[in-house]
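Just protein-v1.csv here, CSV, C-alpha atoms:
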chain,number,residue,atom,x,y,z
H,811,MET,CA,108.8,62.9,89.2
H,812,PRO,CA,109.8,65.7,91.6
H,813,VAL,CA,112.2,68.5,90.9
H,814,THR,CA,115.8,67.2,90.9
H,815,ASP,CA,119.1,68.5,92.3
H,816,GLN,CA,120.4,69.0,88.7
H,817,GLN,CA,117.4,71.2,87.8
H,818,VAL,CA,117.9,73.3,90.9
H,819,ALA,CA,121.6,73.6,90.1
H,820,THR,CA,120.8,74.7,86.6
H,821,LEU,CA,118.5,77.5,87.8
H,822,ARG,CA,120.9,78.4,90.6
H,823,ALA,CA,123.6,79.0,88.0
H,824,LEU,CA,121.3,81.4,86.1
H,825,LEU,CA,120.2,83.3,89.1
H,826,ALA,CA,123.8,83.6,90.4
H,827,ASN,CA,124.8,85.2,87.1
H,828,ASP,CA,127.0,82.2,86.0
H,829,PRO,CA,125.8,81.8,82.4
H,830,GLU,CA,128.5,79.4,81.3
H,831,ARG,CA,127.7,77.0,84.1
H,832,HIS,CA,124.0,77.4,83.4
H,833,ASP,CA,124.4,76.7,79.7
H,834,ARG,CA,126.5,73.6,80.5
H,835,LEU,CA,123.9,72.2,83.0
H,836,PHE,CA,121.0,73.2,80.8
H,837,ALA,CA,122.4,71.2,77.9
H,838,GLN,CA,122.4,68.1,80.1
H,839,LEU,CA,118.7,68.3,80.7
H,840,ASP,CA,116.8,66.1,78.4
H,841,ARG,CA,113.8,67.4,76.6
H,842,GLY,CA,111.2,65.2,78.3
H,843,ALA,CA,110.5,64.7,81.9
H,844,ALA,CA,113.5,66.7,83.0
H,845,MET,CA,112.3,69.8,81.1
H,846,ASP,CA,108.9,69.4,82.8
H,847,GLY,CA,110.6,69.5,86.2
H,848,TYR,CA,112.7,72.4,85.2
H,849,THR,CA,109.8,74.5,84.0
H,850,ALA,CA,107.9,73.7,87.2
H,851,LEU,CA,110.9,74.9,89.2
H,852,VAL,CA,111.1,78.1,87.2
H,853,THR,CA,107.4,78.7,87.7
H,854,GLY,CA,107.7,78.0,91.4
H,855,ALA,CA,110.7,80.3,91.7
H,856,PHE,CA,108.9,83.0,89.7
H,857,CYS,CA,105.8,82.9,91.9
H,858,GLU,CA,107.9,83.0,95.0
H,859,ALA,CA,110.0,85.9,93.7
H,860,VAL,CA,106.9,87.9,92.8
H,861,ASP,CA,105.4,87.2,96.2
H,862,ARG,CA,108.5,88.5,97.8
H,863,ARG,CA,108.6,91.7,95.7
H,864,PHE,CA,105.0,92.6,95.5
H,865,SER,CA,102.1,92.5,97.9
H,866,GLU,CA,98.9,91.0,96.6
H,867,ASP,CA,97.3,94.5,96.7
H,868,ALA,CA,100.3,96.2,95.1
H,869,PRO,CA,99.1,99.0,92.8
H,870,ALA,CA,99.5,98.4,89.1
H,871,ALA,CA,102.1,101.2,89.0
H,872,ASP,CA,104.5,99.1,91.0
H,873,VAL,CA,104.4,96.3,88.4
H,874,ILE,CA,104.7,98.8,85.6
H,875,ASP,CA,107.6,100.5,87.2
H,876,PHE,CA,109.4,97.2,87.7
H,877,VAL,CA,108.9,96.0,84.2
H,878,ALA,CA,110.0,99.4,82.8
H,879,ASP,CA,113.1,99.2,85.0
H,880,VAL,CA,114.0,95.8,83.7
H,881,ARG,CA,113.5,96.8,80.1
H,882,SER,CA,115.7,99.9,80.6
H,883,ARG,CA,118.7,97.8,81.6
H,884,SER,CA,119.8,97.1,78.1
H,885,GLU,CA,118.8,97.8,74.5
H,886,ARG,CA,118.1,94.1,73.9
H,887,LEU,CA,115.8,93.9,76.9
H,888,THR,CA,114.0,97.0,75.7
H,889,ARG,CA,113.6,95.4,72.3
H,890,GLU,CA,112.7,91.9,73.3
H,891,VAL,CA,110.7,92.1,76.5
H,892,ASP,CA,107.1,92.8,75.7
H,893,PRO,CA,105.9,95.1,78.6
H,894,VAL,CA,102.3,94.1,78.3
H,895,VAL,CA,103.1,90.4,78.5
H,896,ALA,CA,105.6,90.9,81.3
H,897,GLU,CA,103.1,92.9,83.4
H,898,ARG,CA,100.4,90.4,82.8
H,899,VAL,CA,102.6,87.5,83.8
H,900,ILE,CA,103.4,89.2,87.1
H,901,ARG,CA,99.8,90.2,87.7
H,902,VAL,CA,98.6,86.7,87.3
H,903,VAL,CA,100.7,85.7,90.3
H,904,LEU,CA,98.9,88.6,92.2
H,905,SER,CA,95.6,87.0,91.2
H,906,GLU,CA,94.7,89.4,88.4
H,907,GLY,CA,93.9,88.5,84.8
H,908,SER,CA,94.6,85.5,82.7
H,909,LEU,CA,97.3,84.3,80.3
H,910,ALA,CA,95.1,81.9,78.4
H,911,ASP,CA,95.7,83.8,75.1
H,912,LEU,CA,99.5,83.6,75.3
H,913,SER,CA,101.6,80.8,74.0
H,914,PRO,CA,103.5,78.6,76.5
H,915,GLU,CA,106.8,79.8,75.0
H,916,VAL,CA,106.0,83.4,75.6
H,917,VAL,CA,104.8,82.8,79.2
H,918,VAL,CA,107.9,80.7,80.1
H,919,GLY,CA,110.2,83.1,78.4
H,920,ALA,CA,108.8,86.1,80.3
H,921,GLN,CA,109.1,84.1,83.6
H,922,ILE,CA,112.8,83.4,83.0
H,923,VAL,CA,113.7,87.0,82.4
H,924,LEU,CA,111.5,88.5,85.1
H,925,LEU,CA,112.6,85.9,87.7
H,926,THR,CA,116.2,86.6,87.0
H,927,ALA,CA,115.6,90.4,87.4
H,928,LEU,CA,113.7,89.9,90.6
H,929,ILE,CA,116.4,87.8,92.2
H,930,ALA,CA,119.2,90.1,90.8
H,931,ASP,CA,117.5,93.0,92.6
H,932,GLU,CA,117.5,91.1,95.9
H,933,HIS,CA,121.3,90.7,95.9
H,934,LEU,CA,121.1,87.4,97.8
H,935,ASP,CA,124.1,85.8,99.2
H,936,ASP,CA,124.7,82.0,98.7
H,937,ALA,CA,122.6,81.1,101.8
H,938,GLY,CA,119.8,83.4,100.7
H,939,LEU,CA,119.8,82.0,97.2
H,940,ASP,CA,119.7,78.4,98.5
H,941,ALA,CA,116.8,79.3,100.9
H,942,PHE,CA,115.0,80.9,98.0
H,943,LEU,CA,115.5,77.9,95.8
H,944,ALA,CA,114.3,75.5,98.5
H,945,LYS,CA,111.0,77.3,98.6
H,946,ALA,CA,110.8,77.4,94.8
H,947,ARG,CA,111.5,73.7,94.6
H,948,LYS,CA,108.7,73.0,97.1
H,949,LEU,CA,106.3,75.0,95.0
H,950,GLY,CA,107.6,73.4,91.8
H,951,ASP,CA,106.9,70.0,93.3
H,952,GLU,CA,103.3,71.1,94.1
H,953,LEU,CA,102.8,72.3,90.6
H,954,MET,CA,103.9,69.0,89.1
H,955,GLY,CA,101.3,67.4,91.4
D,1258,MET,CA,114.2,108.6,84.5
D,1259,PRO,CA,114.7,106.4,81.4
D,1260,GLY,CA,112.6,103.7,83.1
D,1261,ARG,CA,109.8,106.1,83.7
D,1262,VAL,CA,109.9,107.3,80.1
D,1263,VAL,CA,109.8,103.7,78.9
D,1264,ARG,CA,106.9,103.1,81.2
D,1265,LEU,CA,104.9,106.1,80.0
D,1266,ALA,CA,105.6,105.3,76.4
D,1267,ASP,CA,104.7,101.6,76.9
D,1268,GLN,CA,101.4,102.6,78.5
D,1269,ALA,CA,100.5,105.3,76.0
D,1270,SER,CA,101.3,103.4,72.8
D,1271,ARG,CA,99.3,100.3,73.6
D,1272,GLY,CA,96.4,101.5,71.5
D,1273,GLY,CA,98.5,102.3,68.5
D,1274,PRO,CA,100.7,105.1,67.2
D,1275,LEU,CA,100.3,108.4,68.9
D,1276,ALA,CA,100.8,112.0,67.9
D,1277,ALA,CA,101.2,113.3,71.5
D,1278,ILE,CA,101.1,112.1,75.0
D,1279,ALA,CA,99.3,114.2,77.5
D,1280,ILE,CA,99.5,113.5,81.3
D,1281,ASP,CA,96.6,114.1,83.6
D,1282,ILE,CA,98.0,114.8,87.1
D,1283,PRO,CA,95.6,115.7,89.9
D,1284,ILE,CA,97.4,118.3,91.9
D,1285,GLY,CA,94.9,118.7,94.7
D,1286,LEU,CA,91.3,118.5,95.6
D,1287,PRO,CA,88.7,121.1,94.6
D,1288,ASP,CA,87.0,122.8,97.6
D,1289,THR,CA,83.6,121.7,96.4
D,1290,GLY,CA,82.2,120.0,93.4
D,1291,ARG,CA,84.5,119.3,90.5
D,1292,ARG,CA,87.2,121.3,88.7
D,1293,LEU,CA,86.0,123.2,85.7
D,1294,ALA,CA,89.1,122.1,83.7
D,1295,ASP,CA,88.1,118.4,84.4
D,1296,GLU,CA,84.5,119.0,83.4
D,1297,LEU,CA,85.6,120.6,80.1
D,1298,ALA,CA,88.1,118.0,79.3
D,1299,ARG,CA,85.8,115.0,80.0
D,1300,PRO,CA,83.6,115.4,76.9
D,1301,ALA,CA,86.7,115.7,74.7
D,1302,ILE,CA,88.8,112.8,75.9
D,1303,GLY,CA,86.4,110.8,78.1
D,1304,LYS,CA,87.2,108.8,81.2
D,1305,ARG,CA,90.9,109.4,80.9
D,1306,VAL,CA,90.3,112.6,82.8
D,1307,THR,CA,90.4,112.0,86.6
D,1308,LEU,CA,87.3,113.5,88.2
D,1309,VAL,CA,88.6,113.8,91.7
D,1310,PRO,CA,86.0,114.4,94.4
D,1311,GLY,CA,85.8,117.7,96.3
D,1312,GLU,CA,87.9,118.3,99.4
D,1313,ALA,CA,84.8,118.7,101.6
D,1314,ALA,CA,83.5,115.4,100.4
D,1315,VAL,CA,86.7,113.5,101.0
D,1316,PHE,CA,87.2,114.7,104.6
D,1317,THR,CA,83.6,114.4,105.7
D,1318,ASP,CA,82.9,111.0,104.0
D,1319,GLY,CA,80.2,112.6,101.9
D,1320,MET,CA,81.3,111.3,98.6
D,1321,ASP,CA,78.8,110.1,96.0
D,1322,THR,CA,80.2,106.7,96.0
D,1323,ASN,CA,77.0,105.0,94.9
D,1324,ALA,CA,76.7,106.7,91.5
D,1325,THR,CA,74.3,104.8,89.3
D,1326,HIS,CA,75.9,102.8,86.5
D,1327,ARG,CA,74.7,104.0,83.1
D,1328,PRO,CA,75.2,102.2,79.8
D,1329,ASP,CA,77.6,104.9,78.6
D,1330,ASP,CA,79.8,104.4,81.7
D,1331,GLY,CA,81.7,101.6,80.0
D,1332,PRO,CA,82.2,98.2,81.5
D,1333,ALA,CA,80.1,97.0,84.4
D,1334,ALA,CA,81.4,97.5,87.9
D,1335,ASP,CA,82.9,94.0,88.2
D,1336,GLN,CA,84.9,94.4,85.0
D,1337,ARG,CA,86.5,97.8,85.7
D,1338,GLU,CA,90.0,98.4,86.8
D,1339,ILE,CA,90.4,99.7,90.4
D,1340,THR,CA,92.8,102.6,90.9
D,1341,HIS,CA,94.2,103.4,94.3
D,1342,TYR,CA,95.1,107.0,95.1
D,1343,HIS,CA,97.2,107.4,98.2
D,1344,ALA,CA,98.7,110.7,99.3
D,1345,ASP,CA,98.9,113.4,102.0
D,1346,TYR,CA,97.0,116.5,101.3
D,1347,LYS,CA,97.0,119.6,103.5
D,1348,ASP,CA,98.4,117.6,106.3
D,1349,GLN,CA,95.7,115.0,106.0
D,1350,HIS,CA,95.9,111.4,104.8
D,1351,VAL,CA,94.0,110.7,101.6
D,1352,ASP,CA,93.4,107.1,100.7
D,1353,LEU,CA,90.9,106.6,97.9
D,1354,TYR,CA,89.8,103.9,95.5
D,1355,THR,CA,87.9,104.5,92.3
D,1356,ASP,CA,86.7,102.3,89.5
D,1357,GLY,CA,86.2,105.3,87.2
D,1358,THR,CA,82.7,106.1,88.2
D,1359,ARG,CA,82.6,105.7,92.0
D,1360,TRP,CA,85.0,106.6,94.8
D,1361,ALA,CA,85.5,104.9,98.1
D,1362,PRO,CA,87.8,105.7,101.0
D,1363,GLY,CA,90.4,103.0,101.5
D,1364,ASP,CA,90.8,103.3,105.2
D,1365,ARG,CA,87.2,103.0,106.3
D,1366,VAL,CA,86.6,100.1,108.7
D,1367,ARG,CA,83.9,97.7,107.5
D,1368,GLY,CA,80.8,98.2,109.6
D,1369,GLN,CA,81.8,101.7,110.7
D,1370,ASN,CA,79.1,104.2,109.7
D,1371,VAL,CA,79.4,107.9,109.4
D,1372,VAL,CA,77.0,110.8,109.2
D,1373,GLY,CA,76.9,111.4,105.5
D,1374,PRO,CA,74.1,112.2,103.0
D,1375,LYS,CA,71.6,110.1,104.9
D,1376,PRO,CA,72.2,110.9,108.6
D,1377,ASP,CA,68.8,109.5,109.6
D,1378,ARG,CA,69.9,106.0,108.5
D,1379,SER,CA,73.4,106.2,110.0
D,1380,SER,CA,74.3,104.0,113.0
D,1381,PRO,CA,77.6,102.4,114.0
D,1382,SER,CA,76.2,98.9,113.5
D,1383,ASP,CA,74.4,99.4,110.3
D,1384,ALA,CA,76.6,99.1,107.2
D,1385,SER,CA,73.9,98.0,104.8
D,1386,ASP,CA,73.5,101.4,103.2
D,1387,LEU,CA,77.1,102.4,103.2
D,1388,PRO,CA,79.0,102.8,100.0
D,1389,PRO,CA,81.5,100.0,99.3
D,1390,THR,CA,84.9,100.1,100.9
D,1391,GLY,CA,88.0,100.0,98.8
D,1392,GLU,CA,88.4,96.3,99.7
D,1393,GLN,CA,84.9,95.6,98.6
D,1394,LEU,CA,85.5,97.2,95.3
D,1395,LEU,CA,88.6,95.2,94.8
D,1396,ASP,CA,86.8,92.0,95.8
D,1397,THR,CA,84.4,92.6,92.9
D,1398,ALA,CA,87.2,93.1,90.4
D,1399,GLY,CA,88.1,89.5,90.0
D,1400,GLU,CA,87.0,86.0,91.1
D,1401,GLU,CA,89.2,84.5,93.8
D,1402,LYS,CA,90.5,81.0,93.0
D,1403,PRO,CA,92.8,78.6,94.8
D,1404,ARG,CA,96.3,80.0,94.3
D,1405,SER,CA,98.3,76.9,93.5
D,1406,GLU,CA,95.7,75.8,91.0
D,1407,ARG,CA,95.8,79.2,89.4
D,1408,PHE,CA,99.5,79.0,89.0
D,1409,ARG,CA,99.3,75.6,87.6
D,1410,ARG,CA,96.7,76.6,85.0
D,1411,GLU,CA,98.1,80.0,84.1
D,1412,LEU,CA,101.9,79.7,84.5
D,1413,TYR,CA,103.1,76.2,84.6
D,1414,LYS,CA,103.7,75.0,81.0
D,1415,ARG,CA,105.0,71.5,80.2
D,1416,GLY,CA,106.8,70.1,77.2
D,1417,GLY,CA,110.2,69.7,75.6
D,1418,ASP,CA,109.2,72.3,73.0
D,1419,LEU,CA,109.9,74.9,75.6
D,1420,ALA,CA,113.6,74.2,75.8
D,1421,ASP,CA,114.6,76.5,73.0
D,1422,SER,CA,112.5,79.4,74.4
D,1423,MET,CA,114.0,78.8,77.9
D,1424,LYS,CA,117.5,78.7,76.5
D,1425,ASN,CA,117.1,81.9,74.4
D,1426,ASN,CA,115.5,83.8,77.3
D,1427,ALA,CA,118.1,82.6,79.7
D,1428,SER,CA,120.6,84.4,77.5
D,1429,LEU,CA,118.5,87.5,77.5
D,1430,ALA,CA,118.0,87.2,81.2
D,1431,THR,CA,121.7,87.6,81.9
D,1432,GLU,CA,121.4,91.2,80.8
D,1433,VAL,CA,119.3,92.1,83.8
D,1434,PHE,CA,122.4,92.1,85.9
D,1435,ALA,CA,123.6,95.2,84.0
D,1436,PRO,CA,122.9,98.2,86.2
D,1437,ALA,CA,120.3,100.6,85.0
D,1438,PRO,CA,121.8,103.7,83.4
D,1439,THR,CA,120.3,106.0,86.0
D,1440,GLY,CA,118.1,105.8,89.1
D,1441,SER,CA,114.7,107.2,89.6
D,1442,HIS,CA,116.0,110.7,90.1
D,1443,GLU,CA,118.5,112.5,87.8
D,1444,GLY,CA,120.4,115.6,88.6
D,1445,THR,CA,123.0,116.9,91.0
D,1446,PRO,CA,122.0,116.4,94.6
D,1447,ALA,CA,121.3,119.6,96.5
D,1448,GLY,CA,124.3,120.7,98.4
D,1449,GLY,CA,126.6,118.2,96.7
D,1450,GLU,CA,129.8,119.1,95.1
D,1451,TYR,CA,129.9,119.6,91.4
D,1452,LEU,CA,133.1,118.2,89.9
D,1453,MET,CA,134.2,119.8,86.7
D,1454,PRO,CA,135.7,117.3,84.3
D,1455,ALA,CA,139.4,117.4,84.1
D,1456,PRO,CA,140.6,119.6,81.2
D,1457,HIS,CA,142.1,117.8,78.2
D,1458,TYR,CA,145.5,119.1,77.2
D,1459,GLY,CA,146.2,116.8,74.3
D,1460,MET,CA,145.7,117.8,70.6
D,1461,ASP,CA,143.2,116.1,68.5
D,1462,ALA,CA,143.5,115.6,64.7
D,1463,GLY,CA,141.3,118.6,63.9
D,1464,SER,CA,143.4,120.9,66.0
D,1465,LEU,CA,146.6,119.6,64.5
D,1466,ALA,CA,145.3,120.2,61.0
D,1467,THR,CA,144.3,123.7,61.9
D,1468,ALA,CA,147.7,124.5,63.4
D,1469,THR,CA,149.5,123.1,60.4
D,1470,PHE,CA,147.4,125.2,58.1
D,1471,VAL,CA,147.9,128.4,60.1
D,1472,THR,CA,151.7,127.7,60.3
D,1473,GLY,CA,151.9,127.2,56.6
D,1474,VAL,CA,150.1,130.4,55.8
D,1475,VAL,CA,152.4,132.3,58.2
D,1476,LEU,CA,155.5,130.8,56.7
D,1477,ASP,CA,154.2,131.5,53.2
D,1478,ARG,CA,153.6,135.2,54.0
D,1479,THR,CA,156.9,135.4,55.7
D,1480,ILE,CA,158.8,133.9,52.8
D,1481,HIS,CA,156.9,136.1,50.4
D,1482,TRP,CA,157.7,139.2,52.4
D,1483,LEU,CA,161.4,138.3,52.6
D,1484,ARG,CA,161.7,137.7,48.9
D,1485,ARG,CA,160.0,140.9,48.1
D,1486,HIS,CA,162.1,142.8,50.6
D,1487,VAL,CA,165.4,141.3,49.1
D,1488,HIS,CA,164.2,142.0,45.6
D,1489,VAL,CA,163.5,145.7,46.5
D,1490,ARG,CA,166.9,146.1,48.1
D,1491,THR,CA,168.6,144.4,45.1
D,1492,GLU,CA,167.0,146.8,42.8
D,1493,HIS,CA,167.9,149.7,45.0
D,1494,PHE,CA,171.6,148.6,45.0
D,1495,ASN,CA,171.5,148.1,41.2
D,1496,ALA,CA,170.1,151.5,40.8
D,1497,SER,CA,172.8,153.0,43.0
D,1498,ASP,CA,175.5,151.3,40.9

Show me, as structure tokens, the structure contained in the file I just sent.
Amino acid sequence: MPVTDQQVATLRALLANDPERHDRLFAQLDRGAAMDGYTALVTGAFCEAVDRRFSEDAPAADVIDFVADVRSRSERLTREVDPVVAERVIRVVLSEGSLADLSPEVVVGAQIVLLTALIADEHLDDAGLDAFLAKARKLGDELMG
Amino acid sequence: MPGRVVRLADQASRGGPLAAIAIDIPIGLPDTGRRLADELARPAIGKRVTLVPGEAAVFTDGMDTNATHRPDDGPAADQREITHYHADYKDQHVDLYTDGTRWAPGDRVRGQNVVGPKPDRSSPSDASDLPPTGEQLLDTAGEEKPRSERFRRELYKRGGDLADSMKNNASLATEVFAPAPTGSHEGTPAGGEYLMPAPHYGMDAGSLATATFVTGVVLDRTIHWLRRHVHVRTEHFNASD
């Protein structure tokens, strides 16, 4: 089952900084197949966003700088975002390392936060966000195989 | 600046609690050989000291990039992290890769030979005896795999159990929209105006208490003086009568 319009709308609300709408749409996703599609969409979006931000040969310092910048935006982010995990999740997209020792909850949680930060930094307009989500959806569908 | 501090602290504290953080910053290239300070520091703190190659070696492609790997050098070559140094030095472009034991220029074209330590074996078409390029070092640092398959294996997680994690982290994610407290550079821009904060003319509670106390003391002294003065004059009149 491919990524659905509802899943795209849910992620769009999050990336557009509309948390109330996101929460409402997220609550409507069931915990089965729909959640599989939504996580595929999130992963596709995350990989696309990392690709846009970092070149494949980006020095490690660029990733470290970005994660440190994200964590410095609030006390809660500093406290709850594990920098080592965050850097590893990004570097896997850049074909470095492995996340085999991390739980799915940790990996998905890091993707959500970092994805939102990556898109927030791009300051996309509506059309830009739609174009981004179209690519993310395509990659999400590929991930679901 | 806070972001950089967080980054430094994050990096430094990964191995456990620290008493101090020292930063090794190569500030140039030695003319020849290695810097004495680096040589002295290396036995004390190991490979955390950057042993930069000499200036002559960098600009004549004469680096010892094929250093033999010894057992005490740490991980094998294909397991070491590659560091890329990229800068301008004395009006010349410096682009170097190192895995901690070897150095390689990052801008050398594959197949291009130079007259280095073995000029008799140098020719433009013979790259067999050349040290590895930066790209070659990077190639040995990890095994390349199909990208989508890698994403699927490493990043795509299924299951309804993830819903709670996603919901909680979505709440956390909204905080990334808050602007960072500062940028990468703090301080007053050169030539910019420095605006003094507007003076505050109001009176706070502490100042009010102080003023009340001072006024009370002055009034008390004044009343005391007046009473004493009247008493003296009264006695003077009584004595006159």

Using all atoms listed in the file, select each residue of chain H with any atom at most 7 Å away from an atom of chain D, and give the selection as number ranges by chain. H: 827, 841-842, 845-846, 849-850, 853, 869, 874-875, 878-880, 882-884, 887, 893, 903, 906, 908-910, 914-915, 917-919, 922-923, 926-927, 930, 953

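Coordinates place atom CA of Asp935 of chain H at a distance of 26.0 Å from atom CA of Glu952 of chain H.
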
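For the pair atom CA of Ala823 of chain H and atom CA of Glu866 of chain H, the interatomic distance is 28.8 Å.
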
In Å, with one decimal, what is the gap from atom CA of Asp911 of chain H to atom CA of Gly1273 of chain D? 19.8 Å

Taking only C-alpha atoms into account, name the residue in H:Arg947, H:Ser913, H:Thr820, H:Leu825 that is nearest to Glu858 of chain H. H:Arg947

Shell of 12 Å around Leu934 of chain H, only C-alpha atoms, local chain residues under 5 positions omitted, as a PyMOL selection string: chain H and resi 822+825-827+859+926+928-929+939-943

Nearest to Leu925 of chain H: which of H:Leu851, H:Ala937, H:Val818, H:Val860 is it, counting all atoms listed in the file? H:Val860

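Using all atoms listed in the file for every distance, the candidate list H:Gly955, H:Phe856, H:Arg863, H:Ala944 yields H:Ala944 as the residue closest to Asp815 of chain H.
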